[in-house]
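Listing of model28.txt, compact mmCIF, N, CA and C atoms and all ligand atoms
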```
# COMPACT_ATOMS: atom_id res chain seq x y z
N MET A 17 -19.59 14.63 -0.92
CA MET A 17 -20.12 15.67 -1.79
C MET A 17 -20.37 16.96 -1.03
N ALA A 18 -21.02 16.83 0.10
CA ALA A 18 -21.34 18.01 0.91
C ALA A 18 -20.06 18.69 1.36
N ASP A 19 -19.07 17.90 1.61
CA ASP A 19 -17.78 18.42 2.06
C ASP A 19 -17.15 19.29 0.97
N LYS A 20 -17.27 18.85 -0.26
CA LYS A 20 -16.68 19.58 -1.39
C LYS A 20 -17.35 20.94 -1.57
N LYS A 21 -18.66 20.95 -1.46
CA LYS A 21 -19.42 22.18 -1.62
C LYS A 21 -19.04 23.19 -0.57
N GLN A 22 -18.88 22.68 0.63
CA GLN A 22 -18.55 23.55 1.75
C GLN A 22 -17.21 24.23 1.53
N ARG A 23 -16.27 23.47 1.00
CA ARG A 23 -14.93 24.00 0.79
C ARG A 23 -14.96 25.12 -0.25
N LYS A 24 -15.83 24.98 -1.22
CA LYS A 24 -15.93 25.98 -2.27
C LYS A 24 -16.44 27.30 -1.71
N ASN A 25 -17.40 27.20 -0.81
CA ASN A 25 -18.00 28.40 -0.25
C ASN A 25 -17.15 29.03 0.83
N ASN A 26 -16.31 28.24 1.42
CA ASN A 26 -15.49 28.74 2.50
C ASN A 26 -14.29 29.49 1.95
N LYS A 27 -14.25 30.80 2.19
CA LYS A 27 -13.18 31.62 1.61
C LYS A 27 -11.91 31.61 2.46
N ASN A 28 -11.98 30.90 3.56
CA ASN A 28 -10.81 30.89 4.45
C ASN A 28 -9.77 29.85 4.03
N TYR A 29 -10.11 29.04 3.05
CA TYR A 29 -9.18 27.98 2.71
C TYR A 29 -7.97 28.52 1.95
N ASP A 30 -6.91 27.81 2.04
CA ASP A 30 -5.65 28.20 1.41
C ASP A 30 -5.81 28.20 -0.12
N GLU A 31 -5.50 29.32 -0.73
CA GLU A 31 -5.66 29.45 -2.18
C GLU A 31 -4.73 28.50 -2.94
N ASP A 32 -3.60 28.20 -2.34
CA ASP A 32 -2.65 27.31 -3.00
C ASP A 32 -3.06 25.85 -2.91
N TYR A 33 -4.03 25.60 -2.06
CA TYR A 33 -4.39 24.20 -1.85
C TYR A 33 -5.12 23.64 -3.05
N ASN A 34 -4.54 22.68 -3.65
CA ASN A 34 -5.20 21.98 -4.75
C ASN A 34 -5.12 20.49 -4.45
N PRO A 35 -6.26 19.87 -4.23
CA PRO A 35 -6.24 18.45 -3.83
C PRO A 35 -5.63 17.55 -4.90
N LYS A 36 -5.59 18.05 -6.15
CA LYS A 36 -5.00 17.24 -7.22
C LYS A 36 -3.49 17.13 -7.05
N PHE A 37 -2.90 18.19 -6.49
CA PHE A 37 -1.45 18.20 -6.34
C PHE A 37 -1.08 18.26 -4.86
N ARG A 38 -1.66 17.38 -4.13
CA ARG A 38 -1.37 17.35 -2.70
C ARG A 38 0.09 16.99 -2.50
N LYS A 39 0.68 17.62 -1.53
CA LYS A 39 2.08 17.35 -1.24
C LYS A 39 2.24 15.87 -0.90
N GLN A 40 3.09 15.22 -1.65
CA GLN A 40 3.23 13.78 -1.44
C GLN A 40 4.42 13.51 -0.55
N ARG A 41 4.14 12.82 0.54
CA ARG A 41 5.24 12.43 1.41
C ARG A 41 5.93 11.24 0.79
N LYS A 42 7.21 11.30 0.72
CA LYS A 42 7.93 10.21 0.08
C LYS A 42 7.92 9.00 1.00
N LYS A 43 7.43 7.90 0.45
CA LYS A 43 7.38 6.68 1.24
C LYS A 43 8.74 6.01 1.19
N VAL A 44 9.14 5.48 2.33
CA VAL A 44 10.39 4.75 2.36
C VAL A 44 10.06 3.27 2.40
N CYS A 45 10.79 2.54 1.62
CA CYS A 45 10.56 1.10 1.55
C CYS A 45 10.75 0.48 2.93
N LEU A 46 9.75 -0.31 3.32
CA LEU A 46 9.75 -0.91 4.66
C LEU A 46 10.92 -1.87 4.84
N LEU A 47 11.22 -2.60 3.80
CA LEU A 47 12.28 -3.60 3.92
C LEU A 47 13.66 -2.98 3.84
N CYS A 48 13.77 -1.86 3.13
CA CYS A 48 15.07 -1.18 3.05
C CYS A 48 15.38 -0.49 4.37
N SER A 49 14.33 0.11 4.97
CA SER A 49 14.55 0.88 6.19
C SER A 49 14.77 -0.02 7.40
N ASP A 50 14.12 -1.18 7.41
CA ASP A 50 14.23 -2.08 8.56
C ASP A 50 15.05 -3.31 8.18
N LYS A 51 16.25 -3.32 8.65
CA LYS A 51 17.15 -4.42 8.29
C LYS A 51 16.77 -5.73 8.98
N ASN A 52 16.02 -5.63 10.07
CA ASN A 52 15.65 -6.83 10.81
C ASN A 52 14.39 -7.50 10.24
N PHE A 53 13.76 -6.79 9.33
CA PHE A 53 12.52 -7.30 8.75
C PHE A 53 12.86 -8.43 7.78
N VAL A 54 12.41 -9.62 8.11
CA VAL A 54 12.67 -10.77 7.24
C VAL A 54 11.37 -11.17 6.58
N LEU A 55 11.36 -11.09 5.28
CA LEU A 55 10.16 -11.46 4.53
C LEU A 55 10.04 -12.98 4.49
N ASP A 56 8.90 -13.47 4.96
CA ASP A 56 8.73 -14.91 5.06
C ASP A 56 7.40 -15.29 4.42
N TYR A 57 7.46 -16.16 3.45
CA TYR A 57 6.21 -16.55 2.78
C TYR A 57 5.36 -17.46 3.65
N LYS A 58 5.95 -17.98 4.74
CA LYS A 58 5.18 -18.83 5.66
C LYS A 58 4.50 -18.00 6.76
N ASN A 59 4.57 -16.70 6.62
CA ASN A 59 4.00 -15.81 7.63
C ASN A 59 2.90 -14.96 6.99
N PRO A 60 1.67 -15.48 6.94
CA PRO A 60 0.60 -14.76 6.25
C PRO A 60 0.23 -13.44 6.91
N GLU A 61 0.44 -13.35 8.23
CA GLU A 61 0.09 -12.10 8.93
C GLU A 61 0.94 -10.95 8.40
N GLN A 62 2.18 -11.27 8.15
CA GLN A 62 3.11 -10.26 7.64
C GLN A 62 2.74 -9.85 6.20
N LEU A 63 2.37 -10.84 5.39
CA LEU A 63 2.09 -10.57 3.98
C LEU A 63 0.74 -9.91 3.78
N ARG A 64 -0.12 -10.02 4.79
CA ARG A 64 -1.46 -9.47 4.66
C ARG A 64 -1.43 -7.94 4.48
N LYS A 65 -0.36 -7.33 4.92
CA LYS A 65 -0.22 -5.88 4.76
C LYS A 65 -0.08 -5.49 3.30
N PHE A 66 0.34 -6.43 2.48
CA PHE A 66 0.63 -6.10 1.09
C PHE A 66 -0.44 -6.57 0.13
N ILE A 67 -1.56 -7.07 0.67
CA ILE A 67 -2.66 -7.44 -0.21
C ILE A 67 -3.90 -6.63 0.17
N SER A 68 -4.73 -6.43 -0.82
CA SER A 68 -5.96 -5.67 -0.58
C SER A 68 -6.98 -6.57 0.09
N ASP A 69 -8.12 -6.00 0.47
CA ASP A 69 -9.15 -6.80 1.13
C ASP A 69 -9.77 -7.81 0.16
N LYS A 70 -9.53 -7.60 -1.12
CA LYS A 70 -10.00 -8.58 -2.11
C LYS A 70 -8.97 -9.66 -2.35
N GLY A 71 -7.84 -9.56 -1.70
CA GLY A 71 -6.82 -10.57 -1.84
C GLY A 71 -5.80 -10.29 -2.92
N LYS A 72 -5.93 -9.13 -3.55
CA LYS A 72 -5.00 -8.79 -4.63
C LYS A 72 -3.72 -8.17 -4.05
N ILE A 73 -2.66 -8.35 -4.77
CA ILE A 73 -1.40 -7.75 -4.34
C ILE A 73 -1.46 -6.25 -4.62
N LEU A 74 -1.14 -5.46 -3.62
CA LEU A 74 -1.20 -4.01 -3.78
C LEU A 74 -0.07 -3.53 -4.69
N PRO A 75 -0.34 -2.53 -5.51
CA PRO A 75 0.71 -2.00 -6.38
C PRO A 75 1.76 -1.22 -5.56
N ARG A 76 2.84 -0.97 -6.19
CA ARG A 76 3.97 -0.32 -5.51
C ARG A 76 3.62 1.09 -5.04
N ARG A 77 2.75 1.75 -5.77
CA ARG A 77 2.37 3.11 -5.38
C ARG A 77 1.60 3.09 -4.05
N ASN A 78 1.02 1.95 -3.70
CA ASN A 78 0.31 1.84 -2.43
C ASN A 78 1.20 1.32 -1.32
N THR A 79 2.03 0.35 -1.64
CA THR A 79 2.87 -0.24 -0.61
C THR A 79 4.08 0.65 -0.30
N GLY A 80 4.52 1.42 -1.30
CA GLY A 80 5.68 2.29 -1.09
C GLY A 80 6.99 1.52 -1.11
N MET A 81 6.96 0.33 -1.65
CA MET A 81 8.17 -0.49 -1.68
C MET A 81 9.07 -0.08 -2.84
N CYS A 82 10.33 -0.43 -2.72
CA CYS A 82 11.21 -0.25 -3.87
C CYS A 82 10.98 -1.42 -4.81
N ALA A 83 11.45 -1.30 -6.03
CA ALA A 83 11.16 -2.29 -7.06
C ALA A 83 11.66 -3.67 -6.64
N LYS A 84 12.84 -3.71 -6.08
CA LYS A 84 13.44 -4.97 -5.67
C LYS A 84 12.59 -5.69 -4.63
N HIS A 85 12.17 -4.95 -3.62
CA HIS A 85 11.43 -5.58 -2.54
C HIS A 85 9.98 -5.86 -2.92
N GLN A 86 9.43 -5.03 -3.79
CA GLN A 86 8.07 -5.32 -4.27
C GLN A 86 8.07 -6.67 -4.99
N ARG A 87 9.14 -6.91 -5.72
CA ARG A 87 9.27 -8.17 -6.44
C ARG A 87 9.35 -9.33 -5.44
N ASP A 88 10.15 -9.15 -4.39
CA ASP A 88 10.27 -10.18 -3.36
C ASP A 88 8.92 -10.46 -2.71
N ILE A 89 8.19 -9.39 -2.43
CA ILE A 89 6.89 -9.53 -1.79
C ILE A 89 5.93 -10.28 -2.69
N THR A 90 5.94 -9.91 -3.97
CA THR A 90 5.06 -10.57 -4.93
C THR A 90 5.32 -12.07 -4.97
N ILE A 91 6.59 -12.44 -5.00
CA ILE A 91 6.94 -13.86 -5.03
C ILE A 91 6.49 -14.53 -3.73
N ALA A 92 6.72 -13.86 -2.61
CA ALA A 92 6.34 -14.42 -1.31
C ALA A 92 4.83 -14.63 -1.23
N ILE A 93 4.07 -13.66 -1.73
CA ILE A 93 2.60 -13.77 -1.68
C ILE A 93 2.15 -14.92 -2.57
N LYS A 94 2.76 -15.05 -3.73
CA LYS A 94 2.37 -16.12 -4.64
C LYS A 94 2.69 -17.49 -4.05
N ARG A 95 3.81 -17.56 -3.34
CA ARG A 95 4.16 -18.82 -2.66
C ARG A 95 3.14 -19.12 -1.57
N ALA A 96 2.81 -18.10 -0.80
CA ALA A 96 1.86 -18.27 0.28
C ALA A 96 0.49 -18.70 -0.26
N ARG A 97 0.12 -18.16 -1.41
CA ARG A 97 -1.15 -18.55 -2.02
C ARG A 97 -1.12 -20.01 -2.43
N HIS A 98 0.00 -20.41 -2.96
CA HIS A 98 0.11 -21.78 -3.45
C HIS A 98 -0.07 -22.80 -2.33
N ILE A 99 0.43 -22.46 -1.15
CA ILE A 99 0.27 -23.39 -0.03
C ILE A 99 -0.93 -22.98 0.84
N ALA A 100 -1.82 -22.19 0.25
CA ALA A 100 -3.11 -21.85 0.85
C ALA A 100 -3.02 -21.10 2.17
N LEU A 101 -1.98 -20.30 2.32
CA LEU A 101 -1.91 -19.44 3.50
C LEU A 101 -2.60 -18.11 3.23
N LEU A 102 -2.61 -17.74 1.96
CA LEU A 102 -3.30 -16.52 1.54
C LEU A 102 -4.31 -16.88 0.45
N PRO A 103 -5.38 -16.10 0.36
CA PRO A 103 -6.38 -16.40 -0.67
C PRO A 103 -5.95 -15.85 -2.05
N TYR A 104 -6.38 -16.52 -3.09
CA TYR A 104 -6.18 -15.98 -4.44
C TYR A 104 -7.15 -14.83 -4.68
N ALA A 105 -8.35 -15.01 -4.16
CA ALA A 105 -9.37 -13.98 -4.32
C ALA A 105 -10.36 -14.07 -3.18
N GLN A 106 -10.89 -12.93 -2.81
CA GLN A 106 -11.96 -12.89 -1.82
C GLN A 106 -13.11 -12.12 -2.42
N LYS A 107 -14.29 -12.52 -2.08
CA LYS A 107 -15.44 -11.83 -2.67
C LYS A 107 -15.65 -10.46 -2.05
ZN ZN B 201 13.40 -1.91 -0.54
```

What is this file in structure tokens?
Ligand SMILES: [Zn+2]
Amino acid sequence: MADKKQRKNNKNYDEDYNPKFRKQRKKVCLLCSDKNFVLDYKNPEQLRKFISDKGKILPRRNTGMCAKHQRDITIAIKRARHIALLPYAQK
């Protein structure tokens, strides 16, 4: 909150800067860019990057995956959950 107030009073800030329309860097799908990356449902350390701290699968806008690979990841996470390598939910 204090940070926001300060920015308002500070006249040195860029007039074009609008935090609502921040320049978005285009994310490249991790699996498309790295051909050596093998998605493995038996590797929870690897899949942990794609779940939130509550154990939920992160949406594509967060992971930056393409639709195809997001689908693969989702299946892999669900498989890992089934064999108890990943949690269904964390408090
Ligand atoms: Zn991809």

Could you list, with a cut-off of 5 Å and counting only N, CA and C atoms and all ligand atoms, the residues of chain A near ligand ZN 201 (chain B), each shown with its nearest atom pair and the distance in Å rounded to one decimal, rows sorted by chain and ascending number, as a Markdown table?
```
| residue | atom | partner | partner_atom | distance |
| --- | --- | --- | --- | --- |
| A:Cys45 | CA | B:ZN201 | ZN | 4.6 |
| A:Leu47 | C | B:ZN201 | ZN | 4.5 |
| A:Cys48 | N | B:ZN201 | ZN | 3.7 |
| A:Cys82 | N | B:ZN201 | ZN | 4.0 |
| A:His85 | N | B:ZN201 | ZN | 4.5 |
```

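For the pair CA of Lys72 (chain A) and atom C of Tyr104 (chain A), the interatomic distance is 6.4 Å.
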
- DSSP says helix (DSSP H, G or I) for which residues of region 28-103 of chain A? Put them as a VMD selection string? chain A and resid 35 to 37 46 to 49 60 to 66 76 to 79 83 to 98

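Closest to Gln106 (chain A) among A:Asp88, A:Asp69, A:Asp50, A:Asp56 is A:Asp69, based on only C-alpha atoms.
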
- Task: Write out as a ChimeraX atom specification the residues lying within 7 Å of region 61-65 of chain A, counting only C-alpha atoms and excluding same-chain residues fewer than 2 positions away.
- Result: /A:59,67,93

How would the residues just picked look written out with N, CA and C atoms as a PDB file, in the frame of the given file?
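The file below, part.pdb, is the result:
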```pdb
ATOM      1  N   ASN A  59       4.570 -16.700   6.620  1.00  0.00           N
ATOM      2  CA  ASN A  59       4.000 -15.810   7.630  1.00  0.00           C
ATOM      3  C   ASN A  59       2.900 -14.960   6.990  1.00  0.00           C
ATOM      4  N   ILE A  67      -1.560  -7.070   0.670  1.00  0.00           N
ATOM      5  CA  ILE A  67      -2.660  -7.440  -0.210  1.00  0.00           C
ATOM      6  C   ILE A  67      -3.900  -6.630   0.170  1.00  0.00           C
ATOM      7  N   ILE A  93       4.070 -13.660  -1.730  1.00  0.00           N
ATOM      8  CA  ILE A  93       2.600 -13.770  -1.680  1.00  0.00           C
ATOM      9  C   ILE A  93       2.150 -14.920  -2.570  1.00  0.00           C
TER      10      ILE A  93
END
```
